[in-house]
$ cat upload_24.cif   # mmCIF, C-alpha atoms and all ligand atoms
data_query
#
loop_
_atom_site.label_atom_id
_atom_site.label_comp_id
_atom_site.auth_asym_id
_atom_site.auth_seq_id
_atom_site.Cartn_x
_atom_site.Cartn_y
_atom_site.Cartn_z
CA MET M 1 -16.82 -137.67 89.74
CA ARG M 2 -17.67 -139.31 86.47
CA TYR M 3 -21.37 -138.55 87.12
CA VAL M 4 -20.63 -134.83 87.55
CA SER M 5 -18.68 -134.53 84.31
CA LEU M 6 -21.41 -136.40 82.45
CA LEU M 7 -24.00 -133.93 83.77
CA SER M 8 -21.98 -130.85 82.86
CA GLY M 9 -21.43 -132.36 79.42
CA ILE M 10 -25.19 -132.67 78.95
CA THR M 11 -25.77 -129.11 80.19
CA ALA M 12 -23.14 -127.78 77.78
CA SER M 13 -24.70 -129.53 74.79
CA LEU M 14 -28.18 -128.29 75.73
CA LEU M 15 -26.85 -124.74 75.94
CA LEU M 16 -25.16 -125.11 72.56
CA ALA M 17 -28.37 -126.45 71.04
CA SER M 18 -30.47 -123.53 72.27
CA ALA M 19 -27.86 -120.97 71.19
CA ALA M 20 -27.77 -122.51 67.71
CA GLN M 21 -31.55 -122.48 67.48
CA ALA M 22 -31.71 -118.78 68.30
CA SER M 23 -29.71 -117.79 65.24
CA ASP M 24 -30.69 -120.63 62.85
CA SER M 25 -34.26 -119.66 62.08
CA MET M 26 -36.78 -116.99 63.00
CA GLU M 27 -40.23 -115.82 61.92
CA ILE M 28 -41.02 -112.14 61.42
CA ASP M 29 -44.40 -110.42 61.06
CA ILE M 30 -44.97 -108.38 57.91
CA HIS M 31 -47.19 -105.28 57.97
CA ALA M 32 -48.83 -103.28 55.20
CA VAL M 33 -47.23 -99.81 55.22
CA SER M 34 -48.46 -96.41 54.05
CA ALA M 35 -47.82 -92.72 54.67
CA ASP M 36 -49.83 -93.23 57.90
CA GLY M 37 -47.29 -95.74 59.22
CA ALA M 38 -47.21 -99.51 59.70
CA GLY M 39 -50.71 -101.03 59.53
CA GLU M 40 -52.29 -104.48 59.61
CA THR M 41 -50.30 -107.72 59.53
CA ILE M 42 -50.43 -109.43 56.11
CA GLY M 43 -48.57 -112.59 57.19
CA SER M 44 -45.05 -113.64 58.04
CA ILE M 45 -41.68 -114.58 56.57
CA THR M 46 -39.53 -117.37 58.02
CA LEU M 47 -35.78 -116.79 57.87
CA GLU M 48 -33.54 -119.84 57.93
CA ASP M 49 -29.83 -120.54 57.51
CA THR M 50 -28.97 -123.18 54.90
CA ASP M 51 -25.70 -124.44 53.38
CA HIS M 52 -26.45 -122.18 50.41
CA GLY M 53 -27.31 -118.97 52.24
CA LEU M 54 -30.37 -117.35 53.82
CA LEU M 55 -33.69 -118.95 52.87
CA LEU M 56 -36.72 -116.64 53.17
CA THR M 57 -40.08 -118.42 53.10
CA PRO M 58 -43.03 -116.04 52.84
CA ASP M 59 -46.59 -116.76 53.97
CA LEU M 60 -48.25 -113.53 52.86
CA SER M 61 -51.60 -112.43 51.44
CA GLY M 62 -53.27 -109.28 50.20
CA LEU M 63 -50.48 -108.21 47.85
CA GLU M 64 -50.76 -107.15 44.19
CA PRO M 65 -50.12 -110.11 41.84
CA GLY M 66 -46.75 -110.14 40.04
CA VAL M 67 -43.11 -109.70 41.05
CA HIS M 68 -42.07 -107.22 43.71
CA GLY M 69 -38.75 -105.70 44.71
CA PHE M 70 -37.66 -107.40 47.96
CA HIS M 71 -34.77 -106.14 50.09
CA VAL M 72 -33.18 -105.98 53.50
CA HIS M 73 -33.18 -102.32 54.53
CA LYS M 74 -30.79 -100.79 57.02
CA ASN M 75 -32.89 -99.78 60.06
CA PRO M 76 -35.22 -101.93 62.22
CA SER M 77 -38.27 -99.69 61.62
CA CYS M 78 -41.34 -99.70 59.33
CA GLU M 79 -42.55 -96.22 60.29
CA ALA M 80 -43.35 -93.45 57.82
CA GLN M 81 -41.14 -90.37 57.65
CA GLU M 82 -41.12 -87.07 55.78
CA ASN M 83 -39.05 -87.21 52.57
CA ASP M 84 -36.85 -84.39 51.23
CA SER M 85 -39.87 -82.73 49.59
CA GLY M 86 -41.83 -82.75 52.85
CA HIS M 87 -44.22 -85.65 52.02
CA MET M 88 -44.90 -88.39 54.57
CA THR M 89 -43.50 -91.52 52.91
CA ALA M 90 -44.28 -95.16 53.73
CA ALA M 91 -41.58 -96.96 55.78
CA LEU M 92 -38.94 -94.32 55.07
CA TYR M 93 -37.54 -94.77 58.62
CA ALA M 94 -36.17 -98.14 57.43
CA GLY M 95 -33.47 -96.24 55.52
CA GLY M 96 -31.89 -97.50 52.30
CA HIS M 97 -30.86 -100.98 51.18
CA TYR M 98 -28.57 -102.69 53.70
CA ASP M 99 -25.09 -101.93 52.33
CA PRO M 100 -22.41 -102.46 55.04
CA GLU M 101 -19.59 -102.27 52.46
CA GLU M 102 -20.95 -98.91 51.23
CA THR M 103 -20.94 -100.04 47.60
CA GLU M 104 -23.88 -97.69 46.81
CA SER M 105 -24.69 -100.07 43.99
CA HIS M 106 -27.96 -101.97 43.47
CA ASP M 107 -26.70 -105.15 41.87
CA GLY M 108 -29.18 -107.86 42.95
CA PRO M 109 -28.74 -110.93 45.14
CA TYR M 110 -25.94 -112.48 43.04
CA GLY M 111 -23.88 -109.32 42.49
CA ASP M 112 -21.30 -107.43 44.55
CA GLY M 113 -23.46 -104.41 45.48
CA HIS M 114 -25.91 -103.93 48.39
CA LEU M 115 -25.76 -106.98 50.65
CA GLY M 116 -29.50 -106.50 51.31
CA ASP M 117 -30.59 -107.08 47.68
CA LEU M 118 -32.86 -110.16 47.69
CA PRO M 119 -34.36 -112.15 44.80
CA VAL M 120 -37.75 -110.74 43.72
CA LEU M 121 -40.85 -111.82 45.63
CA ASN M 122 -43.45 -113.67 43.53
CA VAL M 123 -47.12 -113.02 44.28
CA ASP M 124 -49.71 -115.29 42.66
CA GLU M 125 -52.95 -114.15 41.01
CA ASP M 126 -54.83 -114.44 44.34
CA GLY M 127 -52.41 -112.03 46.00
CA ASN M 128 -50.55 -114.69 48.01
CA ALA M 129 -46.77 -115.13 48.28
CA THR M 130 -45.51 -118.56 49.35
CA LEU M 131 -42.51 -119.23 47.06
CA PRO M 132 -39.25 -119.26 49.05
CA VAL M 133 -36.23 -117.26 47.85
CA LEU M 134 -32.56 -117.85 48.61
CA ALA M 135 -30.05 -115.06 49.28
CA PRO M 136 -26.60 -116.67 48.95
CA ARG M 137 -24.60 -113.87 50.59
CA LEU M 138 -26.75 -113.51 53.74
CA SER M 139 -27.44 -115.33 57.03
CA VAL M 140 -29.99 -114.97 59.86
CA GLU M 141 -27.23 -113.39 61.96
CA GLU M 142 -26.41 -110.80 59.29
CA VAL M 143 -29.98 -109.47 58.97
CA GLN M 144 -30.70 -109.00 62.68
CA SER M 145 -31.80 -105.51 63.74
CA ARG M 146 -32.69 -104.65 60.11
CA SER M 147 -35.99 -104.55 58.24
CA ILE M 148 -37.35 -106.52 55.28
CA MET M 149 -39.14 -104.51 52.62
CA ILE M 150 -41.55 -105.31 49.80
CA HIS M 151 -41.96 -102.71 47.03
CA GLU M 152 -44.92 -101.88 44.81
CA GLY M 153 -43.13 -102.74 41.55
CA GLY M 154 -40.51 -105.24 40.32
CA ASP M 155 -36.72 -105.19 40.47
CA ASN M 156 -34.27 -105.50 37.55
CA TYR M 157 -31.24 -105.82 39.93
CA SER M 158 -29.72 -102.64 38.52
CA ASP M 159 -29.64 -98.87 39.01
CA ASP M 160 -30.40 -98.42 35.32
CA PRO M 161 -32.78 -97.17 33.87
CA GLU M 162 -34.14 -96.43 37.36
CA ALA M 163 -32.32 -96.35 40.69
CA LEU M 164 -32.69 -99.28 43.12
CA GLY M 165 -34.26 -101.65 40.58
CA GLY M 166 -37.22 -99.38 39.86
CA GLY M 167 -39.57 -100.92 42.45
CA GLY M 168 -40.92 -97.60 43.67
CA SER M 169 -43.03 -97.23 46.82
CA ARG M 170 -42.68 -99.42 49.89
CA VAL M 171 -45.89 -101.44 50.41
CA ALA M 172 -45.06 -103.94 53.17
CA CYS M 173 -42.39 -104.23 55.82
CA GLY M 174 -41.24 -106.34 58.76
CA ILE M 175 -38.67 -105.77 61.49
CA VAL M 176 -36.02 -108.41 62.13
CA LYS M 177 -35.36 -108.12 65.85
CA SER M 178 -32.08 -109.24 67.35
CA SER M 179 -32.19 -112.83 68.68
CA GLU M 180 -31.89 -111.50 72.28
CA GLU M 181 -35.03 -109.37 71.78
CA SER M 182 -37.03 -112.30 70.34
CA GLU M 183 -35.93 -114.57 73.23
CA GLU M 184 -37.09 -111.98 75.77
CA GLU M 185 -40.48 -111.90 74.05
CA ASP M 186 -40.74 -115.70 74.16
CA GLU M 187 -40.17 -115.61 77.93
CA GLU M 188 -42.89 -113.03 78.54
CU CU P 1 -36.13 -101.92 49.14
#
$ encode --input "upload_24.cif" --output "structure tokens"
Amino acid sequence: MRYVSLLSGITASLLLASAAQASDSMEIDIHAVSADGAGETIGSITLEDTDHGLLLTPDLSGLEPGVHGFHVHKNPSCEAQENDSGHMTAALYAGGHYDPEETESHDGPYGDGHLGDLPVLNVDEDGNATLPVLAPRLSVEEVQSRSIMIHEGGDNYSDDPEALGGGGSRVACGIVKSSEESEEEDEE
């Protein structure tokens, strides 16, 4: 009897451990995007829960040196779509900045606006991004079934003088699958 309860105890803790792992950390592929759609992989970003929020650790290359607008966008897609003026536009299928509270305000990672506003991504003079950024209001769970976007220009964490931080075109994108989807892939 005691043996049985010991075994079920072990099974329960193993299950808990694997469930925790699924939502604690995940790696997503990042693709260059253009009006033709999602192209080659330029590296990956590791997402990880910490006591201080969501830590995003990039391992990317082939980007323009400098700071880039970096956000969680609403839809899990990096495909191009026609904009209002009829032009195919890179990664437009991803929708706008993730904003579940419908604040419609681009206020940066430390403000009260879009929940998807991340700290800017730093790219070194060789075109590589490796510096981690921390998003205090987010978690791995919260960003599942969304996309992560890198813009051509920087981000001033404001809608002024330009909307959405002024970063302009979308240059790279990755889809954050739900943890169930990534587990199914691991089993394949
Ligand atoms: Cu964006």
$ residues_near_ligand --input "upload_24.cif" --ligand "ligand CU 1 (chain P)" --cutoff "7 Å" --atoms "all atoms listed in the file" --output "list in words"
Gly69, Phe70, His71, Val72, His73, Gly96, His97, Met149, Ile150 and His151 of chain M
$ closest_residue --input "upload_24.cif" --among "M:Arg170, M:His106, M:His114, M:Lys74" --to "Ser147 of chain M" --atoms "only C-alpha atoms"
M:Lys74
$ residues_around --input "upload_24.cif" --residues "segment 156-169 of chain M" --least-positions-apart "2" --cutoff "8 Å" --atoms "only C-alpha atoms" --output "ChimeraX atom specification"
/M:68-69,90,105-109,117,151-154,171
$ closest_residue --input "upload_24.cif" --among "M:Asp29, M:Glu142, M:Asp59, M:Asp36" --to "Leu92 of chain M" --atoms "all atoms listed in the file"
M:Asp36
$ atom_distance --input "upload_24.cif" --atom1 "atom CA of Glu101 of chain M" --atom2 "atom CA of Asp24 of chain M"
23.8 Å
$ atom_distance --input "upload_24.cif" --atom1 "atom CA of Ala94 of chain M" --atom2 "atom CA of Arg146 of chain M"
7.9 Å
$ residues_around --input "upload_24.cif" --residues "segment 128-132 of chain M" --least-positions-apart "3" --cutoff "9 Å" --atoms "all atoms listed in the file" --output "list in words"
Leu55, Leu56, Thr57, Pro58, Asp59, Leu60, Ser61, Gly62, Leu63, Glu64, Pro65, Leu121, Asn122, Val123, Asp124 and Glu125 of chain M
$ atom_distance --input "upload_24.cif" --atom1 "atom CA of Glu181 of chain M" --atom2 "atom CA of Val120 of chain M"
28.2 Å
$ closest_residue --input "upload_24.cif" --among "M:Pro136, M:Gly86, M:Gly66, M:Gly174" --to "Ser44 of chain M" --atoms "all atoms listed in the file"
M:Gly174
$ closest_residue --input "upload_24.cif" --among "M:Met88, M:Ala135, M:Leu118, M:Ala38" --to "Ile175 of chain M" --atoms "all atoms listed in the file"
M:Ala38
$ residues_near_point --input "upload_24.cif" --point "(-42.2, -99.3, 58.2)" --cutoff "6 Å" --atoms "only C-alpha atoms" --output "list in words"
Val33, Ala38, Ser77, Cys78, Glu79, Ala80, Ala91 and Cys173 of chain M
$ residues_near_point --input "upload_24.cif" --point "(-33.0, -115.7, 59.9)" --cutoff "9 Å" --atoms "all atoms listed in the file" --output "VMD selection string"
chain M and resid 23 to 28 46 to 49 54 to 56 139 to 144 176
$ closest_residue --input "upload_24.cif" --among "M:Asn75, M:Ser182, M:Thr103, M:Ser34" --to "His87 of chain M" --atoms "all atoms listed in the file"
M:Ser34
$ closest_residue --input "upload_24.cif" --among "M:Asp112, M:Asp99, M:Asp126, M:Ala35" --to "Asn83 of chain M" --atoms "all atoms listed in the file"
M:Ala35
$ axis_aligned_box --input "upload_24.cif" --around "segment 173-177 of chain M" --padding-each-side "5 Å" --output "JSON"
{"center_x": -38.9, "center_y": -106.3, "center_z": 60.8, "size_x": 17.0, "size_y": 14.2, "size_z": 20.0}
